[in-house]
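Have a look at the structure below before the remarks.
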Amino acid sequence: MASLQLDALAFGRAGKALAQPLDLRAEAGEVWAVLGENGVGKSSLLLTLAGLLPVVAGRVCVDGVDIRRCPRKLLARRIGLLLQQARLDFPFTVTEAVSAGRYAHRQGWQALGASDTPFIEAAIQACGLEALASARVDQLSGGEQRRVALATLLAQDPGVLLLDEPANHLDLRHQARLMAQVQTLAHDSGRLVFMSVHDINLAARHADRILLLYPDGGHDAGPASAMLTEEYLARVFNHPVERVGEGARALWVPRSAS
Amino acid sequence: MVLFGLALGWGSASFNPLGVITGDAPQWQTAILYDLRLPRAVAAFVVGGMLALAGVLMQVLLRNPLAEPYVLGISGGAAVAALGAITLGLQAWWVSGSAFVGSLASMLLVFLLGGGRGYGRGDRLLLTGVVIAAGWGACISLLLVLGPDQSLRGMLFWLMGDLSRPVAPWWGLPVLALALLAAWMMAPALDLLARGDDQAAVLGVEIHRLRAVCYITASFLTACAVTLAGPIGFVGLVVPHLMRQWLGAGHRRLVPASLLAGGALLMLADTFARTLIAPRQLPVGVLTAAVGVPLFLYLLRRRGDS
């Protein structure tokens with residue numbers, strides 16, 4: 001079963017920690033949302049968890065294995081990341097681009113095998129890219145490229161899925177589809193989803209557990225119901241917020257300045 | 001194959017090359033074919049293939065489909081070393097040797113200054129290469145001014161890229177075959193690296209190792225090509241670009257296709273260079289530039305429009 005464990009993790013860029021050391025355990029079947037202002041370190045945290053930024057101090061374990069001791073290819077089978085920006089300048093087709101997700105599942109020099117095809121087709125279908133399958137990725141729009149990146153991650157099929165601002169650039173329809181997919185992946189397929197968002201309502205509606213990153217470097221984590229209070233959120237965003245409506249239809253809105 | 005036959009058959013002295021093979025040709029025709037045209041056609045193919053393959057690798061490395069080996073200043077280093085050897089009046093062998101050492105040294109310089117750790121290295125590498133290439137350009141001007149008058153013509157010809165020198169291009173064939181094998185093995189990983197360092201790394205590529213192998217292979221190929229024929233531009237740039245438009249970006253197909261097309265293109269260009277104003281010969285670098293520059297500008301414009 002997929003799991004993610006942070007032991008006194010200090011993360012940041014160029015060896016400088018952005019927040020106080022973080023202890024956290026996330027298990028398969030959970031959807032986590034990281035909430036925080038821009039620049040507070042949401043992306044840095046995800047990049048560190050994926051092994052793209054060096055750990056400043058402490059330890060990250062995926063499925064009980066320290067990521068620093070894990071070769072890239074093995075790591076890629078355990079944990080995947082949807083990057084916030086992915087530029088595609090080369091004229092790959094959508095199918096070719098999505099196939100890249102299968103790299104970690106075969107020998108480096110081998111071409112795609114028959115066993116990869118169902119994963120690729122399922123990923124393309126899940127992201128609604130069937131009609132674009134043979135289109136060139138460098139000629140797609142930003143939102144379409146984002147869906148290609150997401151399909152690549154689905155074809156990669158890791159146990160832990162890190163999503164950096166997954167809803168950005170997506171049309172409403174695809175956003176809703178993506179969030180439904182996130183729920184299915186975690187609750188039905190036993191994956192662990194860990195995503196950074198800056199929209200409270202997105203987190204409130206779709207996350208089971210929430211990590212709050214405060215501007216002063218502090219943080220709190222816990223079940224969504226406990227974390228989403230006016231008190232906590234005002235501290236995260238440095239601005240008072242209030243809840244409008246009741247139950248599942250409740251919305252969080254910023255209190256007007258006056 | 002057709003172009004190969006053409007390269008053998010066409011020249012300032014016309015005769016039927018088939019006659020040589022069947023054995024009923026005069027001595028001088030056999031000599032021209034085996035000692036002049038055959039090595040030259042092989043050299044053209046090898047150099048063209050090397051440059052095109054190096055171009056493919058460097059375009060992935062810099063993640064810019066418009067990059068080419070010369071952008072990184074490798075040929076500049078080779079040229080400075082070679083011109084230095086000519087200025088000192090050394091033998092042709094020494095000139096080739098210096099070119100080889102110069103290109104590898106230049107590669108090392110760019111790699112050490114522009115490499116380092118951290119992400120977004122592609123752009124830094126490119127800029128470092130461009131700046132170093134400009135520096136080499138200044139050194140070349142200095143050497144041309146300081147050089148003795150009698151060697152000036154030879155120096156200029158060297159700078160323009162010219163296939164009339166190679167005596168024994170045969171060693172280039174195994175080098176090219178090895179590089180092709182390496183690039184073919186790396187092809188799936190190259191597909192990923194083309195999408196950026198971070199993306200490739202999260203998909204399971206050991207990018208530092210791949211980048212190093214890629215850079216060394218590309219630099220070595222460029223060094224060999226420069227040693228054989230001097231700096232010939234635009235083959236490494238135009239050929240992979242055309243092949244990518246035609247076959248797509250997948251490196252399994254792109255790598256061998258570019259190598260073959262690069263070899264064929266340079267063989268054709270060299271045949272023209274020998275025959276257009278025969279019996280005088282044009283430097284082949286002039287011809288590839290004449291074809292390459294307009295074609296490249298056209299491709300660049302079309303890319304901007306789409």
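Letters for chains follow the order of the structure tokens (A, B, ...), residue numbers begin at 1 for each chain, and ligand numbers begin at 1 in the order shown.
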With chain A as the partner and 12 Å as the cut-off, tabulate the residues of chain B that qualify, each row holding the nearest pair of atoms and their distance in Å to one decimal, using only C-alpha atoms, sorted by chain and rising number, as JSON lines.
{"residue": "B:Val56", "atom": "CA", "partner": "A:Phe90", "partner_atom": "CA", "distance": 11.7}
{"residue": "B:Gln59", "atom": "CA", "partner": "A:Phe90", "partner_atom": "CA", "distance": 9.8}
{"residue": "B:Val60", "atom": "CA", "partner": "A:Phe90", "partner_atom": "CA", "distance": 9.1}
{"residue": "B:Leu62", "atom": "CA", "partner": "A:Asp89", "partner_atom": "CA", "distance": 11.3}
{"residue": "B:Arg63", "atom": "CA", "partner": "A:Asp89", "partner_atom": "CA", "distance": 7.7}
{"residue": "B:Asn64", "atom": "CA", "partner": "A:Asp89", "partner_atom": "CA", "distance": 7.3}
{"residue": "B:Pro65", "atom": "CA", "partner": "A:Phe90", "partner_atom": "CA", "distance": 6.9}
{"residue": "B:Leu66", "atom": "CA", "partner": "A:Asp89", "partner_atom": "CA", "distance": 10.3}
{"residue": "B:Arg117", "atom": "CA", "partner": "A:Ala14", "partner_atom": "CA", "distance": 10.5}
{"residue": "B:Gly118", "atom": "CA", "partner": "A:Leu53", "partner_atom": "CA", "distance": 8.6}
{"residue": "B:Tyr119", "atom": "CA", "partner": "A:Leu52", "partner_atom": "CA", "distance": 9.0}
{"residue": "B:Leu181", "atom": "CA", "partner": "A:Trp109", "partner_atom": "CA", "distance": 10.6}
{"residue": "B:Ala182", "atom": "CA", "partner": "A:Trp109", "partner_atom": "CA", "distance": 9.7}
{"residue": "B:Ala183", "atom": "CA", "partner": "A:Trp109", "partner_atom": "CA", "distance": 9.7}
{"residue": "B:Trp184", "atom": "CA", "partner": "A:Trp109", "partner_atom": "CA", "distance": 7.7}
{"residue": "B:Met185", "atom": "CA", "partner": "A:Trp109", "partner_atom": "CA", "distance": 4.7}
{"residue": "B:Met186", "atom": "CA", "partner": "A:Trp109", "partner_atom": "CA", "distance": 6.0}
{"residue": "B:Ala187", "atom": "CA", "partner": "A:Trp109", "partner_atom": "CA", "distance": 6.9}
{"residue": "B:Pro188", "atom": "CA", "partner": "A:Trp109", "partner_atom": "CA", "distance": 6.3}
{"residue": "B:Ala189", "atom": "CA", "partner": "A:Gly108", "partner_atom": "CA", "distance": 6.7}
{"residue": "B:Leu190", "atom": "CA", "partner": "A:Gly108", "partner_atom": "CA", "distance": 10.2}
{"residue": "B:Asp191", "atom": "CA", "partner": "A:Ala100", "partner_atom": "CA", "distance": 7.5}
{"residue": "B:Leu192", "atom": "CA", "partner": "A:Ala100", "partner_atom": "CA", "distance": 6.3}
{"residue": "B:Leu193", "atom": "CA", "partner": "A:Ala100", "partner_atom": "CA", "distance": 10.1}
{"residue": "B:Ala194", "atom": "CA", "partner": "A:Phe90", "partner_atom": "CA", "distance": 7.1}
{"residue": "B:Arg195", "atom": "CA", "partner": "A:Leu88", "partner_atom": "CA", "distance": 5.7}
{"residue": "B:Gly196", "atom": "CA", "partner": "A:Arg87", "partner_atom": "CA", "distance": 7.5}
{"residue": "B:Asp197", "atom": "CA", "partner": "A:Leu52", "partner_atom": "CA", "distance": 9.3}
{"residue": "B:Asp198", "atom": "CA", "partner": "A:Leu52", "partner_atom": "CA", "distance": 6.7}
{"residue": "B:Gln199", "atom": "CA", "partner": "A:Leu83", "partner_atom": "CA", "distance": 7.3}
{"residue": "B:Ala200", "atom": "CA", "partner": "A:Ala100", "partner_atom": "CA", "distance": 8.7}
{"residue": "B:Ala201", "atom": "CA", "partner": "A:Arg72", "partner_atom": "CA", "distance": 6.9}
{"residue": "B:Val202", "atom": "CA", "partner": "A:Ala76", "partner_atom": "CA", "distance": 5.9}
{"residue": "B:Leu203", "atom": "CA", "partner": "A:Ala76", "partner_atom": "CA", "distance": 5.5}
{"residue": "B:Gly204", "atom": "CA", "partner": "A:Lys73", "partner_atom": "CA", "distance": 4.0}
{"residue": "B:Val205", "atom": "CA", "partner": "A:Arg72", "partner_atom": "CA", "distance": 6.2}
{"residue": "B:Glu206", "atom": "CA", "partner": "A:Arg72", "partner_atom": "CA", "distance": 6.0}
{"residue": "B:Ile207", "atom": "CA", "partner": "A:Arg72", "partner_atom": "CA", "distance": 9.0}
{"residue": "B:His208", "atom": "CA", "partner": "A:Arg72", "partner_atom": "CA", "distance": 11.0}
{"residue": "B:Arg209", "atom": "CA", "partner": "A:Arg72", "partner_atom": "CA", "distance": 11.3}
{"residue": "B:Leu210", "atom": "CA", "partner": "A:Gly108", "partner_atom": "CA", "distance": 10.9}
{"residue": "B:Pro240", "atom": "CA", "partner": "A:Phe90", "partner_atom": "CA", "distance": 11.6}
{"residue": "B:His241", "atom": "CA", "partner": "A:Phe90", "partner_atom": "CA", "distance": 10.0}
{"residue": "B:Leu242", "atom": "CA", "partner": "A:Pro91", "partner_atom": "CA", "distance": 11.6}
{"residue": "B:Met243", "atom": "CA", "partner": "A:Pro91", "partner_atom": "CA", "distance": 11.0}
{"residue": "B:Arg244", "atom": "CA", "partner": "A:Pro91", "partner_atom": "CA", "distance": 7.2}
{"residue": "B:Gln245", "atom": "CA", "partner": "A:Pro91", "partner_atom": "CA", "distance": 7.5}
{"residue": "B:Trp246", "atom": "CA", "partner": "A:Pro91", "partner_atom": "CA", "distance": 10.0}
{"residue": "B:Leu247", "atom": "CA", "partner": "A:Pro91", "partner_atom": "CA", "distance": 9.4}
{"residue": "B:Gly248", "atom": "CA", "partner": "A:Pro91", "partner_atom": "CA", "distance": 5.9}
{"residue": "B:Ala249", "atom": "CA", "partner": "A:Phe92", "partner_atom": "CA", "distance": 5.2}
{"residue": "B:Gly250", "atom": "CA", "partner": "A:Phe92", "partner_atom": "CA", "distance": 6.7}
{"residue": "B:His251", "atom": "CA", "partner": "A:Phe92", "partner_atom": "CA", "distance": 10.1}
{"residue": "B:Arg252", "atom": "CA", "partner": "A:Ala111", "partner_atom": "CA", "distance": 8.3}
{"residue": "B:Arg253", "atom": "CA", "partner": "A:Ala111", "partner_atom": "CA", "distance": 11.4}
{"residue": "B:Leu254", "atom": "CA", "partner": "A:Phe92", "partner_atom": "CA", "distance": 11.6}
{"residue": "B:Arg303", "atom": "CA", "partner": "A:Gln139", "partner_atom": "CA", "distance": 10.3}
{"residue": "B:Gly304", "atom": "CA", "partner": "A:Gln139", "partner_atom": "CA", "distance": 11.5}
{"residue": "B:Asp305", "atom": "CA", "partner": "A:Gln139", "partner_atom": "CA", "distance": 11.2}
{"residue": "B:Ser306", "atom": "CA", "partner": "A:Gln139", "partner_atom": "CA", "distance": 7.6}
Worksheet item: So which residues touch Ile124 (chain A) within 10 Å, counting only C-alpha atoms, skipping near sequence neighbours fewer than 2 positions away, as a list in words?
Response: Val94, Thr95, Val98, Ser99, Pro118, Phe119, Ile120, Glu121, Ala122, Ala126, Cys127, Gly128, Leu129, Glu130, Ala131, Leu132, Ala133, Arg147, Val148, Leu150, Ala151, Thr152, Leu154 and Ala155 of chain A
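Between CA of Leu126 (chain B) and CA of Gly102 (chain B) the interatomic distance comes to 18.8 Å.
Between CA of Met1 (chain A) and CA of Leu45 (chain A) there is a distance of 22.1 Å.
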Discussion item. As an exercise, work out the distance from CA of Val286 (chain B) to CA of Met155 (chain B) in Å and give it to one decimal place.
Written reply: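 CA of Met155 (chain B) lies at a distance of 15.0 Å from CA of Val286 (chain B).
Residues surrounding Ala10 (chain A) within 6 Å are Ala17, Pro21, Val56 and Ala57 of chain A [only C-alpha atoms; sequence separation below 4 positions excluded].
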Fill in: Neighbour list for Gly233 (chain B) as number ranges by chain, cut-off 9 Å, only C-alpha atoms, skip fewer than 3 positions in-chain
B: 51, 68-70, 160-161, 236-237, 285-286, 288-289, 292
